[in-house]
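Q: My file is start.txt. It has compact mmCIF, C-alpha atoms and all ligand atoms:
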# COMPACT_ATOMS: atom_id res chain seq x y z
CA MET S 1 92.63 83.84 -191.08
CA GLU S 2 89.91 81.97 -192.93
CA PHE S 3 86.37 83.20 -193.41
CA SER S 4 83.44 82.05 -195.48
CA PHE S 5 82.43 83.76 -198.71
CA GLU S 6 78.81 83.97 -197.48
CA ALA S 7 79.82 85.58 -194.17
CA ALA S 8 81.94 88.16 -196.02
CA ASN S 9 79.06 89.01 -198.40
CA ASN S 10 76.67 89.36 -195.43
CA TYR S 11 79.12 91.63 -193.61
CA CYS S 12 79.52 93.76 -196.76
CA LEU S 13 75.73 94.02 -197.07
CA GLN S 14 75.35 95.08 -193.44
CA HIS S 15 77.95 97.79 -193.95
CA SER S 16 76.48 99.21 -197.16
CA SER S 17 73.72 101.81 -197.52
CA SER S 18 70.15 100.51 -197.61
CA THR S 19 68.19 100.09 -200.81
CA THR S 20 64.85 101.72 -201.63
CA GLU S 21 61.47 100.47 -200.42
CA LEU S 22 60.50 99.66 -204.01
CA LEU S 23 63.59 97.46 -204.46
CA GLU S 24 62.77 95.67 -201.19
CA GLU S 25 59.25 95.13 -202.48
CA ILE S 26 60.50 93.69 -205.81
CA GLN S 27 62.76 91.30 -203.94
CA ALA S 28 59.97 90.21 -201.57
CA TYR S 29 57.49 89.82 -204.46
CA THR S 30 59.97 87.81 -206.54
CA TYR S 31 60.75 85.45 -203.64
CA GLN S 32 57.02 84.95 -202.92
CA HIS S 33 55.72 84.56 -206.46
CA HIS S 34 58.50 83.56 -208.87
CA THR S 35 59.83 80.04 -209.38
CA GLU S 36 63.42 81.28 -209.94
CA PRO S 37 63.92 84.06 -207.36
CA HIS S 38 67.66 83.35 -207.05
CA MET S 39 68.06 85.09 -210.42
CA LEU S 40 67.48 88.50 -208.83
CA SER S 41 70.63 90.55 -208.20
CA GLY S 42 69.72 91.37 -204.60
CA ALA S 43 70.67 94.18 -202.26
CA LEU S 44 74.49 94.00 -202.23
CA GLN S 45 74.93 93.52 -205.98
CA GLY S 46 72.13 96.01 -206.64
CA LYS S 47 73.92 98.67 -204.61
CA PHE S 48 77.13 97.84 -206.48
CA LEU S 49 75.39 98.28 -209.84
CA SER S 50 73.89 101.56 -208.66
CA MET S 51 77.29 102.82 -207.49
CA ILE S 52 78.98 101.89 -210.79
CA SER S 53 76.20 103.66 -212.68
CA HIS S 54 76.60 106.78 -210.51
CA MET S 55 80.33 106.75 -211.28
CA VAL S 56 79.84 106.37 -215.04
CA GLN S 57 76.85 108.78 -215.21
CA PRO S 58 75.65 107.08 -218.40
CA LYS S 59 73.37 108.71 -220.91
CA ARG S 60 72.48 105.34 -222.39
CA ILE S 61 72.41 101.99 -220.58
CA LEU S 62 71.70 98.62 -222.19
CA GLU S 63 70.59 95.70 -220.02
CA ILE S 64 70.01 92.19 -221.37
CA GLY S 65 67.96 90.10 -218.89
CA THR S 66 65.32 92.30 -217.21
CA PHE S 67 63.72 89.53 -215.10
CA THR S 68 61.48 91.29 -212.51
CA GLY S 69 63.19 94.67 -212.93
CA TYR S 70 65.48 94.80 -209.89
CA SER S 71 68.84 95.45 -211.58
CA ALA S 72 67.34 97.86 -214.13
CA LEU S 73 66.08 100.09 -211.32
CA CYS S 74 69.47 99.95 -209.58
CA LEU S 75 71.30 100.93 -212.78
CA ALA S 76 68.78 103.66 -213.58
CA GLU S 77 69.70 105.43 -210.32
CA GLY S 78 72.96 106.65 -211.92
CA LEU S 79 71.56 107.85 -215.26
CA ALA S 80 72.67 111.30 -216.39
CA PRO S 81 69.88 113.89 -216.70
CA GLY S 82 67.87 113.06 -219.81
CA GLY S 83 69.39 109.57 -219.87
CA ALA S 84 67.60 106.32 -220.73
CA LEU S 85 67.97 102.62 -219.99
CA HIS S 86 66.94 100.00 -222.54
CA THR S 87 66.25 96.57 -221.07
CA ILE S 88 65.57 93.35 -222.98
CA GLU S 89 63.64 90.34 -221.64
CA LYS S 90 62.69 87.19 -223.52
CA ARG S 91 59.84 86.09 -221.24
CA GLU S 92 56.67 88.17 -221.52
CA ASP S 93 55.49 87.30 -218.00
CA ASP S 94 58.69 88.65 -216.44
CA ALA S 95 58.60 91.77 -218.63
CA LYS S 96 55.04 92.46 -217.42
CA ILE S 97 56.00 92.11 -213.76
CA ALA S 98 58.96 94.46 -214.33
CA LYS S 99 56.73 97.00 -216.07
CA GLY S 100 54.45 97.16 -213.03
CA PHE S 101 57.44 98.09 -210.87
CA PHE S 102 59.00 100.47 -213.41
CA ASP S 103 55.70 102.36 -213.65
CA ARG S 104 55.80 102.99 -209.90
CA SER S 105 59.44 104.15 -209.91
CA PRO S 106 60.90 107.62 -210.50
CA PHE S 107 62.38 106.20 -213.74
CA SER S 108 59.17 105.21 -215.54
CA GLN S 109 59.86 107.68 -218.38
CA GLN S 110 63.51 106.67 -218.70
CA ILE S 111 63.21 102.89 -218.92
CA ILE S 112 62.46 101.44 -222.35
CA GLN S 113 61.47 97.79 -222.34
CA HIS S 114 61.97 95.38 -225.24
CA THR S 115 60.41 91.94 -225.15
CA GLY S 116 62.07 89.20 -227.19
CA ASP S 117 65.40 87.51 -227.78
CA GLY S 118 68.35 89.72 -226.85
CA HIS S 119 70.38 88.33 -229.75
CA GLU S 120 67.82 89.71 -232.20
CA ILE S 121 66.79 92.88 -230.40
CA ILE S 122 70.32 94.29 -229.93
CA HIS S 123 70.54 94.62 -233.72
CA THR S 124 67.44 96.82 -233.76
CA ILE S 125 68.35 99.46 -231.13
CA ASN S 126 70.41 102.29 -232.49
CA GLU S 127 72.02 103.97 -229.48
CA GLU S 128 75.51 104.91 -228.33
CA TRP S 129 75.93 102.86 -225.14
CA ASP S 130 77.89 104.12 -222.11
CA LEU S 131 77.15 101.17 -219.82
CA ILE S 132 76.03 97.64 -220.70
CA PHE S 133 74.86 94.98 -218.21
CA ILE S 134 74.66 91.43 -219.56
CA ASP S 135 72.66 89.07 -217.33
CA ALA S 136 70.70 86.81 -219.71
CA ASP S 137 71.47 83.44 -221.37
CA LYS S 138 74.93 82.37 -220.19
CA THR S 139 75.72 80.53 -223.43
CA GLY S 140 75.21 83.81 -225.29
CA TYR S 141 77.72 86.02 -223.46
CA THR S 142 80.46 85.62 -226.08
CA ASP S 143 78.06 86.44 -228.94
CA TYR S 144 76.69 89.52 -227.11
CA PHE S 145 80.23 90.73 -226.43
CA GLN S 146 81.53 90.07 -229.93
CA TYR S 147 78.63 91.96 -231.50
CA LEU S 148 78.71 94.90 -229.11
CA ILE S 149 82.48 95.47 -228.70
CA ASP S 150 82.86 96.62 -232.29
CA LYS S 151 79.80 98.89 -232.12
CA VAL S 152 80.59 100.77 -228.90
CA LYS S 153 82.91 103.73 -228.41
CA VAL S 154 86.19 103.65 -226.51
CA GLY S 155 85.43 104.02 -222.80
CA THR S 156 82.15 102.09 -222.82
CA TYR S 157 81.79 99.85 -219.76
CA PHE S 158 80.36 96.34 -219.74
CA LEU S 159 79.27 94.39 -216.65
CA PHE S 160 78.86 90.61 -217.00
CA ASP S 161 77.00 88.82 -214.22
CA ASN S 162 77.47 85.26 -212.91
CA VAL S 163 81.05 84.90 -214.11
CA LEU S 164 81.77 82.49 -211.22
CA PHE S 165 78.68 80.49 -212.14
CA HIS S 166 77.97 79.15 -208.65
CA GLY S 167 81.62 78.23 -208.31
CA GLU S 168 81.54 75.82 -211.27
CA VAL S 169 84.31 77.73 -213.04
CA LEU S 170 86.66 77.05 -210.12
CA ASN S 171 86.40 73.34 -210.75
CA GLU S 172 88.37 71.79 -213.60
CA GLN S 173 85.50 69.37 -214.11
CA VAL S 174 82.94 72.08 -214.99
CA LYS S 175 79.58 70.31 -215.07
CA GLY S 176 76.72 72.02 -216.91
CA LYS S 177 76.59 73.72 -220.31
CA ASN S 178 76.16 77.15 -218.69
CA GLY S 179 79.19 76.68 -216.45
CA LYS S 180 81.23 75.50 -219.44
CA ALA S 181 80.09 78.50 -221.51
CA ILE S 182 80.96 80.97 -218.75
CA SER S 183 84.31 79.31 -218.19
CA ALA S 184 85.13 79.63 -221.90
CA PHE S 185 83.86 83.22 -221.94
CA ASN S 186 86.11 84.15 -218.99
CA GLU S 187 89.16 82.75 -220.81
CA TYR S 188 88.14 84.56 -223.99
CA LEU S 189 87.84 87.93 -222.20
CA LYS S 190 91.13 87.45 -220.39
CA ASN S 191 92.88 87.06 -223.76
CA ASN S 192 91.13 89.95 -225.48
CA ASN S 193 93.42 92.94 -226.07
CA GLN S 194 90.60 95.36 -226.96
CA ILE S 195 89.60 95.66 -223.29
CA ASP S 196 90.68 96.36 -219.74
CA LEU S 197 89.13 93.82 -217.36
CA VAL S 198 88.58 93.15 -213.68
CA MET S 199 86.61 90.26 -212.21
CA VAL S 200 85.20 90.85 -208.73
CA PRO S 201 83.86 88.11 -206.42
CA ILE S 202 80.65 89.87 -205.45
CA ARG S 203 77.70 87.43 -205.14
CA ASP S 204 78.14 85.11 -208.20
CA GLY S 205 80.96 87.19 -209.69
CA ILE S 206 80.90 90.23 -211.97
CA SER S 207 83.41 91.08 -214.69
CA ILE S 208 83.83 94.78 -215.35
CA VAL S 209 85.14 95.56 -218.81
CA ARG S 210 86.23 98.88 -220.35
CA LYS S 211 86.77 99.19 -224.08
CA LYS S 212 90.29 100.50 -224.66
C1 LIG B 301 69.42 86.16 -214.14
S1 LIG B 301 67.91 86.75 -214.80
C2 LIG B 301 68.15 88.51 -214.79
C3 LIG B 301 68.11 89.10 -213.41
C4 LIG B 301 68.02 90.59 -213.38
N1 LIG B 301 69.03 91.22 -214.23
C5 LIG B 301 68.17 91.06 -211.96
O1 LIG B 301 69.32 91.24 -211.53
O2 LIG B 301 67.20 91.19 -211.25
C6 LIG B 301 68.07 86.37 -216.50
C7 LIG B 301 66.91 86.82 -217.35
O3 LIG B 301 67.32 86.77 -218.71
C8 LIG B 301 66.24 86.33 -219.48
N2 LIG B 301 66.77 85.78 -220.74
C9 LIG B 301 67.33 84.57 -220.95
N3 LIG B 301 67.72 84.44 -222.22
C10 LIG B 301 67.39 85.59 -222.84
C11 LIG B 301 67.55 86.06 -224.17
N4 LIG B 301 68.09 85.31 -225.12
N5 LIG B 301 67.12 87.30 -224.45
C12 LIG B 301 66.56 88.08 -223.50
N6 LIG B 301 66.38 87.68 -222.23
C13 LIG B 301 66.80 86.46 -221.90
C14 LIG B 301 65.54 85.31 -218.62
O4 LIG B 301 64.20 85.11 -219.04
C15 LIG B 301 65.67 85.94 -217.22
O5 LIG B 301 64.55 86.72 -216.90
If you convert what's in this file into structure tokens, what do you get?
Ligand SMILES: C[S@@+](CC[C@H](N)C(=O)[O-])C[C@H]1O[C@@H](n2cnc3c(N)ncnc32)[C@H](O)[C@@H]1O

A:
Amino acid sequence: MEFSFEAANNYCLQHSSSTTELLEEIQAYTYQHHTEPHMLSGALQGKFLSMISHMVQPKRILEIGTFTGYSALCLAEGLAPGGALHTIEKREDDAKIAKGFFDRSPFSQQIIQHTGDGHEIIHTINEEWDLIFIDADKTGYTDYFQYLIDKVKVGTYFLFDNVLFHGEVLNEQVKGKNGKAISAFNEYLKNNNQIDLVMVPIRDGISIVRKK
């Protein structure tokens, strides 16, 4: 039996628990006021991130690509008591919007924002990461991974967003530079023996990685 990817995602969303009012507000605000609202993780992926975080119970989470704060708040839901989430965003305007929402959340004291280039800022934060969510510049995924994999302990989890890159990776004639970069990154991860890896087709694809 054939079914569409969109219909399956909608069905999954309808049969998942609801998100919080604040997350609904962030989504509505982003779609009304931002020029790139499609960047937001959204309800199904957000619930997935929250569930993974609850399973890992991280003390320290690193996120690269805050945007308007949606995914950070989902990931923060699973923090261990006393835990903290560091999130990095290059664009000051987005970081400010996110701050407004973080301040109104139960996690305002646990979310630490960094504004600037993720490639520079990751060198300046000295933490032992339990869970890392990479959702920023697609051409930078390999560099982020190569830097972080040697720093983190065995058992650290990584989540990489947009690994299907709007389906471009399925096509042998990958078009844009981001699609090409993600395609190369996916091949690189698949051949890396330091990690255990599963790619799941939720929304635009997420790769879950565990350092062996
Ligand atoms: C896809 S959006 C993140 C969406 C967000 N994680 C969510 O799910 O709601 C990507 C974000 O990464 C930011 N970004 C891009 N390149 C970056 C870099 N080099 N360092 C830090 N942030 C970057 C962009 O400005 C954008 O806000």

Q: Residues within 10 Å of ligand LIG 301 (chain B) should be enumerated using only C-alpha atoms and all ligand atoms and returned as a PyMOL selection string.

A: chain S and resi 23+26-27+30+36-43+45-46+49+63-75+87-95+98+114-122+133-141+144+161-162

Q: With C-alpha atoms retained, could you export that selection as an mmCIF file, in the coordinates of the input?

A:
data_model
loop_
_atom_site.group_PDB
_atom_site.id
_atom_site.type_symbol
_atom_site.label_atom_id
_atom_site.label_comp_id
_atom_site.auth_asym_id
_atom_site.auth_seq_id
_atom_site.Cartn_x
_atom_site.Cartn_y
_atom_site.Cartn_z
ATOM 1 C CA LEU S 23 63.590 97.460 -204.460
ATOM 2 C CA ILE S 26 60.500 93.690 -205.810
ATOM 3 C CA GLN S 27 62.760 91.300 -203.940
ATOM 4 C CA THR S 30 59.970 87.810 -206.540
ATOM 5 C CA GLU S 36 63.420 81.280 -209.940
ATOM 6 C CA PRO S 37 63.920 84.060 -207.360
ATOM 7 C CA HIS S 38 67.660 83.350 -207.050
ATOM 8 C CA MET S 39 68.060 85.090 -210.420
ATOM 9 C CA LEU S 40 67.480 88.500 -208.830
ATOM 10 C CA SER S 41 70.630 90.550 -208.200
ATOM 11 C CA GLY S 42 69.720 91.370 -204.600
ATOM 12 C CA ALA S 43 70.670 94.180 -202.260
ATOM 13 C CA GLN S 45 74.930 93.520 -205.980
ATOM 14 C CA GLY S 46 72.130 96.010 -206.640
ATOM 15 C CA LEU S 49 75.390 98.280 -209.840
ATOM 16 C CA GLU S 63 70.590 95.700 -220.020
ATOM 17 C CA ILE S 64 70.010 92.190 -221.370
ATOM 18 C CA GLY S 65 67.960 90.100 -218.890
ATOM 19 C CA THR S 66 65.320 92.300 -217.210
ATOM 20 C CA PHE S 67 63.720 89.530 -215.100
ATOM 21 C CA THR S 68 61.480 91.290 -212.510
ATOM 22 C CA GLY S 69 63.190 94.670 -212.930
ATOM 23 C CA TYR S 70 65.480 94.800 -209.890
ATOM 24 C CA SER S 71 68.840 95.450 -211.580
ATOM 25 C CA ALA S 72 67.340 97.860 -214.130
ATOM 26 C CA LEU S 73 66.080 100.090 -211.320
ATOM 27 C CA CYS S 74 69.470 99.950 -209.580
ATOM 28 C CA LEU S 75 71.300 100.930 -212.780
ATOM 29 C CA THR S 87 66.250 96.570 -221.070
ATOM 30 C CA ILE S 88 65.570 93.350 -222.980
ATOM 31 C CA GLU S 89 63.640 90.340 -221.640
ATOM 32 C CA LYS S 90 62.690 87.190 -223.520
ATOM 33 C CA ARG S 91 59.840 86.090 -221.240
ATOM 34 C CA GLU S 92 56.670 88.170 -221.520
ATOM 35 C CA ASP S 93 55.490 87.300 -218.000
ATOM 36 C CA ASP S 94 58.690 88.650 -216.440
ATOM 37 C CA ALA S 95 58.600 91.770 -218.630
ATOM 38 C CA ALA S 98 58.960 94.460 -214.330
ATOM 39 C CA HIS S 114 61.970 95.380 -225.240
ATOM 40 C CA THR S 115 60.410 91.940 -225.150
ATOM 41 C CA GLY S 116 62.070 89.200 -227.190
ATOM 42 C CA ASP S 117 65.400 87.510 -227.780
ATOM 43 C CA GLY S 118 68.350 89.720 -226.850
ATOM 44 C CA HIS S 119 70.380 88.330 -229.750
ATOM 45 C CA GLU S 120 67.820 89.710 -232.200
ATOM 46 C CA ILE S 121 66.790 92.880 -230.400
ATOM 47 C CA ILE S 122 70.320 94.290 -229.930
ATOM 48 C CA PHE S 133 74.860 94.980 -218.210
ATOM 49 C CA ILE S 134 74.660 91.430 -219.560
ATOM 50 C CA ASP S 135 72.660 89.070 -217.330
ATOM 51 C CA ALA S 136 70.700 86.810 -219.710
ATOM 52 C CA ASP S 137 71.470 83.440 -221.370
ATOM 53 C CA LYS S 138 74.930 82.370 -220.190
ATOM 54 C CA THR S 139 75.720 80.530 -223.430
ATOM 55 C CA GLY S 140 75.210 83.810 -225.290
ATOM 56 C CA TYR S 141 77.720 86.020 -223.460
ATOM 57 C CA TYR S 144 76.690 89.520 -227.110
ATOM 58 C CA ASP S 161 77.000 88.820 -214.220
ATOM 59 C CA ASN S 162 77.470 85.260 -212.910
#

Q: Find the spatial neighbours of Ala7 (chain S), counting all atoms listed in the file, within a cut-off of 12 Å - ignore same-chain residues fewer than 6 positions away - and output them as a list in words.

A: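 Surrounding residues, per the criterion: Leu13, Gln14 and Arg203 of chain S.
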
Q: Within 10 Å of Gly82 (chain S), counting only C-alpha atoms, which residues qualify if same-chain residues fewer than 5 places away don't, as JSON, numbers by chain?

A: {"S": [58, 59, 60, 109, 110]}

Q: How far is it from CA of Ile112 (chain S) to CA of Lys99 (chain S), in Å with one decimal?

A: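 So the answer is 9.6 Å.
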
Q: Could you list, as a compact mmCIF listing (two decimals) with C-alpha atoms, keeping the file's coordinate frame, every residue within 12 Å of Ile52 (chain S), counting only C-alpha atoms and ignoring same-chain residues fewer than 6 positions away?

A:
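Contents of around.txt, as written:
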# COMPACT_ATOMS: atom_id res chain seq x y z
CA GLN S 45 74.93 93.52 -205.98
CA GLY S 46 72.13 96.01 -206.64
CA PRO S 58 75.65 107.08 -218.40
CA ILE S 61 72.41 101.99 -220.58
CA CYS S 74 69.47 99.95 -209.58
CA LEU S 75 71.30 100.93 -212.78
CA ALA S 76 68.78 103.66 -213.58
CA GLU S 77 69.70 105.43 -210.32
CA GLY S 78 72.96 106.65 -211.92
CA LEU S 79 71.56 107.85 -215.26
CA ASP S 130 77.89 104.12 -222.11
CA LEU S 131 77.15 101.17 -219.82
CA ILE S 132 76.03 97.64 -220.70
CA PHE S 133 74.86 94.98 -218.21
CA TYR S 157 81.79 99.85 -219.76
CA PHE S 158 80.36 96.34 -219.74
CA LEU S 159 79.27 94.39 -216.65
CA ILE S 206 80.90 90.23 -211.97
CA ILE S 208 83.83 94.78 -215.35
CA VAL S 209 85.14 95.56 -218.81

Q: Fewer than 3 positions away in the same chain doesn't count, so skip those; otherwise give me all residues within 10 Å of Lys153 (chain S), counting all atoms listed in the file, as a ChimeraX atom specification.

A: /S:128-130,148-150,156-157,210-212

Q: Rounded to one decimal, what separation in Å do you get between CA of Ser183 (chain S) and CA of Leu164 (chain S)?

A: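 Those two atoms sit 8.1 Å apart.
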